[in-house]
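Engineer: This is the structure I want to talk about, given as structure tokens.
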Amino acid sequence: MSAVLTLDQFSVALKRGRGKNVPILDDINLTVAAGEMTALVGESGSGKTIASLGVIRLLPRGASTSGRVMLGAQDLTTLSDAAMRKVRGRDIGMVFQNPLSALNPSTRVGAQITEVYRLHTGESDRAARARALELFGEVGIPNPADRLDDYPHQFSGGMRQRVMIAMALACSPKLLIADEPTTGLDLLVARQIMALLTRLRRERQMGVLFITHDLSVVEEHADQVHVLYAGRSVEWGSARSFFEQPRHPYSQALLGAVPRLGQARLVSIPGNLPDPETRPPGCRFAPRCAYREDACDEAYPAADSMGGTMFACRRGRTITPEALGVSEQAVAHAHNTGAVVLQADAVGVDYARSATSFVRGLFGGRDRLRALSDISFSLRRGQCLGVVGESGSGKSTLGRAVLQMIPYHGRVILDGHDFSVMRGRERRAARRGVQVVFQDPRESLNPRMRIGEIVAEPLKLAGMVGARARRDAAAALLDRVGLNERMMSQFPIAVSGGQAQRIAIARALATKPAIIVLDEPTSSLDVSTQAMLLNLLKDLAESDGLSYILISHDIAAVSYMADTIAVLRGGQLMEMGDAASVLGAPQSSYTKELVAASPHFRAIHQAGAVSGAVAVADKTGF
Amino acid sequence: MSLSLAENMAAPGGALRRGATARLLGWMGDRTMLVSGLVLMALILLFCFLGGLVYPASPVAIHGHHAFQPPSGAFPLGTDQIGRDELARLIQGGFTTMVVAIPAALLTFAIGLIYGLASALLPAWVDKVLMRVLDAFLALPGLVVLIFFASLLAPSNTELILLLGLTSWPGLARLVRNEAISQRGRDFVLATRQFGGGTWYVARVHLLRVMAPILVVNFTFLLGDSVLALSGLSFLGLGVKPPMTSWGGLLQTGLNLIALNPWWMIFPSAIMIFASIVATNLIGQGILARLGEGR
């Protein structure tokens with residue numbers, strides 16, 4: 001197989017502040033072969049996106065690179081800007097995470113595709129349109145001829161991503177760079193996109209550089225895996241060997257951090273990713289590594305190889321992770337006997353939509369849209385109800401109804417108190433018993449309030465007097481979620497996403513709620529951060545008898561947390577029951593499809609020992 | 001020699017000191033608009049409020065022998081057609097302008113803020129009523145309404161403040177309402193409501209804080225508008241009443257005698273009005289530019 005792309009000793013430094021050059025990416029050696037997919041894996045801050053921008057030479061101003069970027073036999077780093085412009089789009093196609101922002105909202109998608117094609121080939125408008133039609137068919141857009149003249153907003157997320165792929169393929173590039181193309185998509189849709197990429201690269205003998213933070217996405221699609229940590233390669237080699245036996249402690253931890261059904265505890269990595277300016281001189285992972293030796297701090301370890309992968313670890317040959325902790329559901333699902341804290345009786349939500357008829361609209365008439373139809377469930381103390389479904393399934397609506405944020409019909413009874421009969425002050429006090437943690441941790445903290453004030457706010461509203469007492473209480477809350485009270489004088493902008501989410505949890509705990517509604521609490525976080533957060537939530541449930549409603553499209557996270565799982569689709573309850581039985585023996589065809597789409601479960605069904613976990617999880621630091 | 005210099009610069013103390021100066025220069029360099037606007041505004045306010053102490057001549061004393069003279073040693077900005085000291089009148093005019101324009105801007109701001117927040121946070125039907133009333137106000141051309149009432153009432157300074165305040169709030173009210181509506185659905189507001197924060201609390205603690213930069217910017221613009229509106233009224237003879245004067249009034253007096261080319265009676269007041277507007281706009285735009293960069 002010939003290499004389409006070769007990075008040879010590729011390094012990038014960015015300018016920070018005035019005249020300071022900070023190395024972001026060091027000594028990357030990577031190849032993408034024709035017809036194969038190389039997955040470049042790393043968490044935020046690892047330098048993976050900088051690597052892809054470096055290849056297409058679209059780095060921010062002031063960046064400097066060294067090493068070679070070979071596209072076939074051509075060194076891209078030596079090309080003139082004009083020559084490089086011709087390479088982009090013609091020889092290298094690009095697909096980004098958010099197709100809505102990558103497509104021009106005011107131009108028909110067909111025109112956007114023909115534009116690329118005409119720019120590079122100089123063909124006529126008619127030929128370009130024929131080409132666009134052909135591409136639309138190839139990427140699996142139904143009725144291509146009708147849809148060419150639609151605008152980007154008229155497509156669903158998955159279809160938009162297909163449009164992006166069609167655009168990237170317009171000039172039959174040798175290399176496709178896909179930067180987190182499936183990250184915002186629902187599970188089933190993401191799976192279709194992955195299958196499409198795999199089919200296309202085989203048919204066209206096109207190399208794919210697939211950039212992702214989520215190992216599980218590439219588990220069955222990548223030929224090569226290349227794991228980055230803090231700007232350096234830590235492990236690389238064939239995907240098969242990598243997933244069979246990762247050698248580097250970081251790779252092992254990354255795999256162990258992905259929730260799997262019935263797992264007792266997720267692997268979480270203590271500490272933080274080092275800032276590019278303060279990276280340790282030796283192994284960059286050493287400060288967070290359970291296998292660290294003194295020699296690790298001295299120099300970056302030389303690459304070693306064993307069993308099909310190369311790894312930059314002194315001890316990679318000897319460390320083998322413990323077998324995955326499949327715990328027969330014993331620990332996590334022992335709470336079936338607690339008292340019922342929350343009961344929902346036929347909860348349904350209708351949204352008013354502007355009337356379709358103008359005359360009815362004139363008289364204030366509204367059409368009603370059923371967002372959620374009559375869902376009943378009960379939740380016991382210390383239990384977690386997982387609500388699974390794709391976007392638009394009504395899962396967030398259910399959460400908001402339980403939170404009393406939106407009008408609903410039916411009854412929600414918390415600790416024997418029926419919200420529908422309460423008014424005013426009484427209702428407001430009862431609402432404090434149900435708290436919420438949102439998806440985007442930054443949105444859920446007021447950017448202009450100090451963290452101490454944010455955490456103390458519920459205490460203040462609950463009538464706790466004395467700034468001193470509130471401060472101490474806030475410090476204690478922060479301590480419970482593993483954060484230092486020194487953080488209290490900072491603003492939310494100064495903390496990481498995972499820390500911000502912990503602050504949101506600390507704030508939710510302030511009113512001592514019986515239930516916390518977790519609305520996609522980890523979907524904007526890195527895998528290892530997610531692991532830490534889920535572990536924390538699990539600990540809190542055990543120590544305080546907290547109950548959760550976990551709303552998520554990520555069936556893996558739900559399987560790790562939930563005792564009961566409800567599957568929603570289009571506002572209808574498809575299936576509800578014990579987590580093990582819903583996932584193990586799904587009844588509805590939709591649930592079956594969902595479970596089948598999740599690579600983690602297949603791994604479990606293959607007897608569990610596919611990949612390992614490092615030692616015991618650790619919730620200190622962060 | 002050059003070696004020791006290099007050593008000095010590399011020394012930590014030197015680097016720190018240089019850093020502090022460089023930081024200050026950098027801060028100002030990045031904020032050219034904001035800093036120059038603030039400096040200009042400060043100069044104008046000093047002139048209006050403290051000018052009288054430095055130059056204590058009477059703005060109403062009539063020096064009959066020196067009527068209608070260009071600038072000289074005795075009268076730095078000359079005299080008007082009946083022999084009053086133009087510089088003293090410029091200072092007094094500025095004082096009067098600011099004493100009316102600043103409270104008027106504050107009043108406008110208060111009305112706009114409360115009206116906008118009420119519209120955003122009270123039940124939907126209240127919002128509908130308030131917004132239709134606002135539309136009605138916006139439909140009337142502001143200056144014409146001002147002129148109508150000013151000529152009807154022959155207002156005192158206090159009445160001028162009320163008049164300006166009561167006619168110029170709709171724009172700000174609409175802005176505040178739209179901004180508050182877009183902020184009130186954010187997750188941190190929902191979370192606050194979940195642990196019992198009421199409407200008033202949310203408005204006071206959360207909305208005002210996140211809207212603070214926009215409010216500051218718009219207040220500076222209001223200040224400029226207010227100076228301009230008052231000058232306009234005075235120019236038409238409907239503003240500040242004699243013997244007091246304002247910049248608009250001074251400009252009018254000068255322009256009435258345009259055939260005699262009294263440049264010293266025209267330029268100073270015109271420049272002050274112009275500078276006030278420029279200063280407030282520089283401050284506002286300066287803050288806006290910073291905001292755009294930060295978020």
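In the structure tokens, chains take letters A, B, ... by order of appearance, with residues numbered from 1 within each chain and ligands from 1 in the order shown.
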Any idea what's packed within 12 Å of region 136-139 of chain B, counting only C-alpha atoms, ignoring anything in its chain fewer than 5 positions away? Could you give it as an MDAnalysis selection string?
Structural biologist: chainID B and resid 129:131 144:145 166:174
Engineer: Produce a table with one row for each residue of chain B that has an atom at most 12 Å from any atom of chain A, each row naming the nearest atom pair and its distance in Å at one decimal; use only C-alpha atoms; arrange rows by chain and rising residue number; format as CSV.
Structural biologist:
residue,atom,partner,partner_atom,distance
B:Gly19,CA,A:Arg18,CA,10.9
B:Ala22,CA,A:Arg18,CA,10.3
B:Arg23,CA,A:Arg18,CA,10.6
B:Gly26,CA,A:Arg18,CA,10.1
B:Gln183,CA,A:Asn446,CA,10.4
B:Arg184,CA,A:Asn446,CA,11.4
B:Gly185,CA,A:Glu443,CA,10.4
B:Arg186,CA,A:Glu443,CA,6.7
B:Asp187,CA,A:Ser444,CA,4.5
B:Phe188,CA,A:Ser444,CA,4.1
B:Val189,CA,A:Ser444,CA,7.7
B:Leu190,CA,A:Met405,CA,7.9
B:Ala191,CA,A:Val436,CA,6.7
B:Thr192,CA,A:Pro458,CA,7.3
B:Arg193,CA,A:Met405,CA,8.6
B:Gln194,CA,A:Arg432,CA,6.2
B:Phe195,CA,A:Arg432,CA,4.8
B:Gly196,CA,A:Arg428,CA,5.7
B:Gly197,CA,A:Leu461,CA,6.4
B:Gly198,CA,A:Arg428,CA,9.1
B:Tyr201,CA,A:Leu461,CA,9.2
B:Val202,CA,A:Leu461,CA,11.0
B:Val205,CA,A:Met449,CA,9.2
B:His206,CA,A:Asn446,CA,7.1
B:Leu207,CA,A:Asn446,CA,9.4
B:Leu208,CA,A:Arg448,CA,10.0
B:Arg209,CA,A:Arg448,CA,6.4
B:Val210,CA,A:Arg448,CA,6.3
B:Met211,CA,A:Arg448,CA,9.7
B:Ala212,CA,A:Arg448,CA,9.5
B:Pro213,CA,A:Arg448,CA,10.7
B:Gly294,CA,A:Ile493,CA,10.9
B:Arg295,CA,A:Ile493,CA,10.5
Engineer: Okay, now the selection with C-alpha atoms, as a PDB file, in the first residue's frame?
Structural biologist:
ATOM      1  CA  GLY B  19       6.813  43.990  31.972  1.00  0.00           C
ATOM      2  CA  ALA B  22       4.853  47.215  28.725  1.00  0.00           C
ATOM      3  CA  ARG B  23       1.623  45.906  30.216  1.00  0.00           C
ATOM      4  CA  GLY B  26      -0.111  47.378  25.956  1.00  0.00           C
ATOM      5  CA  GLN B 183     -30.466  35.955  28.474  1.00  0.00           C
ATOM      6  CA  ARG B 184     -33.377  34.765  30.578  1.00  0.00           C
ATOM      7  CA  GLY B 185     -33.461  31.359  28.893  1.00  0.00           C
ATOM      8  CA  ARG B 186     -29.807  30.617  29.521  1.00  0.00           C
ATOM      9  CA  ASP B 187     -29.000  27.611  31.650  1.00  0.00           C
ATOM     10  CA  PHE B 188     -27.679  29.562  34.621  1.00  0.00           C
ATOM     11  CA  VAL B 189     -30.931  31.487  34.861  1.00  0.00           C
ATOM     12  CA  LEU B 190     -32.923  28.246  34.699  1.00  0.00           C
ATOM     13  CA  ALA B 191     -30.709  26.786  37.409  1.00  0.00           C
ATOM     14  CA  THR B 192     -31.250  29.858  39.591  1.00  0.00           C
ATOM     15  CA  ARG B 193     -35.006  29.559  39.206  1.00  0.00           C
ATOM     16  CA  GLN B 194     -34.756  25.901  40.124  1.00  0.00           C
ATOM     17  CA  PHE B 195     -33.393  26.732  43.548  1.00  0.00           C
ATOM     18  CA  GLY B 196     -35.982  29.369  44.153  1.00  0.00           C
ATOM     19  CA  GLY B 197     -34.738  32.576  42.544  1.00  0.00           C
ATOM     20  CA  GLY B 198     -37.694  34.803  41.710  1.00  0.00           C
ATOM     21  CA  TYR B 201     -33.854  38.303  41.923  1.00  0.00           C
ATOM     22  CA  VAL B 202     -32.939  36.942  38.484  1.00  0.00           C
ATOM     23  CA  VAL B 205     -28.429  39.479  40.188  1.00  0.00           C
ATOM     24  CA  HIS B 206     -28.087  37.721  36.856  1.00  0.00           C
ATOM     25  CA  LEU B 207     -29.495  39.772  34.015  1.00  0.00           C
ATOM     26  CA  LEU B 208     -28.033  43.096  35.101  1.00  0.00           C
ATOM     27  CA  ARG B 209     -24.640  41.518  35.516  1.00  0.00           C
ATOM     28  CA  VAL B 210     -24.453  39.836  32.153  1.00  0.00           C
ATOM     29  CA  MET B 211     -25.965  42.882  30.481  1.00  0.00           C
ATOM     30  CA  ALA B 212     -23.691  45.355  32.281  1.00  0.00           C
ATOM     31  CA  PRO B 213     -21.252  45.963  29.407  1.00  0.00           C
ATOM     32  CA  GLY B 294     -13.289  38.971  24.589  1.00  0.00           C
ATOM     33  CA  ARG B 295     -16.261  36.816  23.731  1.00  0.00           C
TER      34      ARG B 295
END
Engineer: How would you write, as a count of residues only, the set of residues in region 445-520 of chain A that DSSP gives as alpha helix (DSSP H)?
Structural biologist: 38
Engineer: Excluding same-chain residues fewer than 3 positions from Leu209 (chain A), what lies within 7 Å of it counting only C-alpha atoms, as an mmCIF file with C-alpha atoms, in the first residue's frame?
Structural biologist:
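Saved as part_4.cif:
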data_model
loop_
_atom_site.group_PDB
_atom_site.id
_atom_site.type_symbol
_atom_site.label_atom_id
_atom_site.label_comp_id
_atom_site.auth_asym_id
_atom_site.auth_seq_id
_atom_site.Cartn_x
_atom_site.Cartn_y
_atom_site.Cartn_z
ATOM 1 C CA VAL A 32 -2.013 7.423 6.004
ATOM 2 C CA MET A 37 -8.083 5.107 7.728
ATOM 3 C CA THR A 38 -5.643 6.424 10.283
ATOM 4 C CA ALA A 39 -7.276 7.590 13.480
ATOM 5 C CA LEU A 40 -5.543 10.454 15.244
ATOM 6 C CA LEU A 176 -9.708 13.119 3.305
ATOM 7 C CA ILE A 177 -9.207 14.834 6.635
ATOM 8 C CA ALA A 178 -12.202 14.316 8.902
#
Engineer: Assign secondary structure with DSSP using the backbone only, and return the residues of region 193-298 of chain A in strand (DSSP E or B) as a list of chain:residue names.
Structural biologist: A:Gly207, A:Val208, A:Leu209, A:Phe210, A:Ile211, A:Thr212, A:Gln224, A:Val225, A:His226, A:Val227, A:Leu228, A:Tyr229, A:Arg232, A:Ser233, A:Val234, A:Glu235, A:Trp236, A:Gly237, A:Ser238, A:Gln263
Engineer: Considering only C-alpha atoms, return as an mmCIF file with C-alpha atoms, in the first residue's frame whatever protein or nucleic-acid residues lie within 6 Å of region 382-399 of chain A, sequence-local ones (same chain, fewer than 6 positions apart) excluded.
Structural biologist:
data_model
loop_
_atom_site.group_PDB
_atom_site.id
_atom_site.type_symbol
_atom_site.label_atom_id
_atom_site.label_comp_id
_atom_site.auth_asym_id
_atom_site.auth_seq_id
_atom_site.Cartn_x
_atom_site.Cartn_y
_atom_site.Cartn_z
ATOM 1 C CA ASP A 186 -26.941 10.834 17.253
ATOM 2 C CA ALA A 371 -43.693 16.636 22.586
ATOM 3 C CA LEU A 372 -44.182 13.941 25.181
ATOM 4 C CA ALA A 541 -25.599 8.617 44.945
ATOM 5 C CA GLY A 545 -28.872 8.325 48.644
ATOM 6 C CA LEU A 546 -29.288 10.751 45.756
ATOM 7 C CA SER A 547 -31.474 9.710 42.861
ATOM 8 C CA TYR A 548 -30.797 10.718 39.279
ATOM 9 C CA ILE A 549 -32.642 11.050 36.063
ATOM 10 C CA LEU A 550 -29.843 10.756 33.523
ATOM 11 C CA ILE A 551 -30.826 12.044 30.120
ATOM 12 C CA SER A 552 -28.408 11.070 27.404
ATOM 13 C CA HIS A 553 -28.014 9.939 23.845
ATOM 14 C CA VAL A 558 -26.412 5.434 30.658
ATOM 15 C CA ALA A 562 -28.657 3.568 35.301
ATOM 16 C CA ASP A 563 -30.657 1.006 37.251
ATOM 17 C CA THR A 564 -33.693 1.510 35.056
ATOM 18 C CA ILE A 565 -33.645 2.594 31.450
ATOM 19 C CA ALA A 566 -36.397 4.290 29.496
ATOM 20 C CA VAL A 567 -36.070 4.521 25.732
ATOM 21 C CA LEU A 568 -37.909 7.405 24.083
ATOM 22 C CA ARG A 569 -38.572 8.128 20.463
ATOM 23 C CA GLY A 570 -40.678 10.938 19.048
ATOM 24 C CA GLY A 571 -42.160 11.618 22.481
#
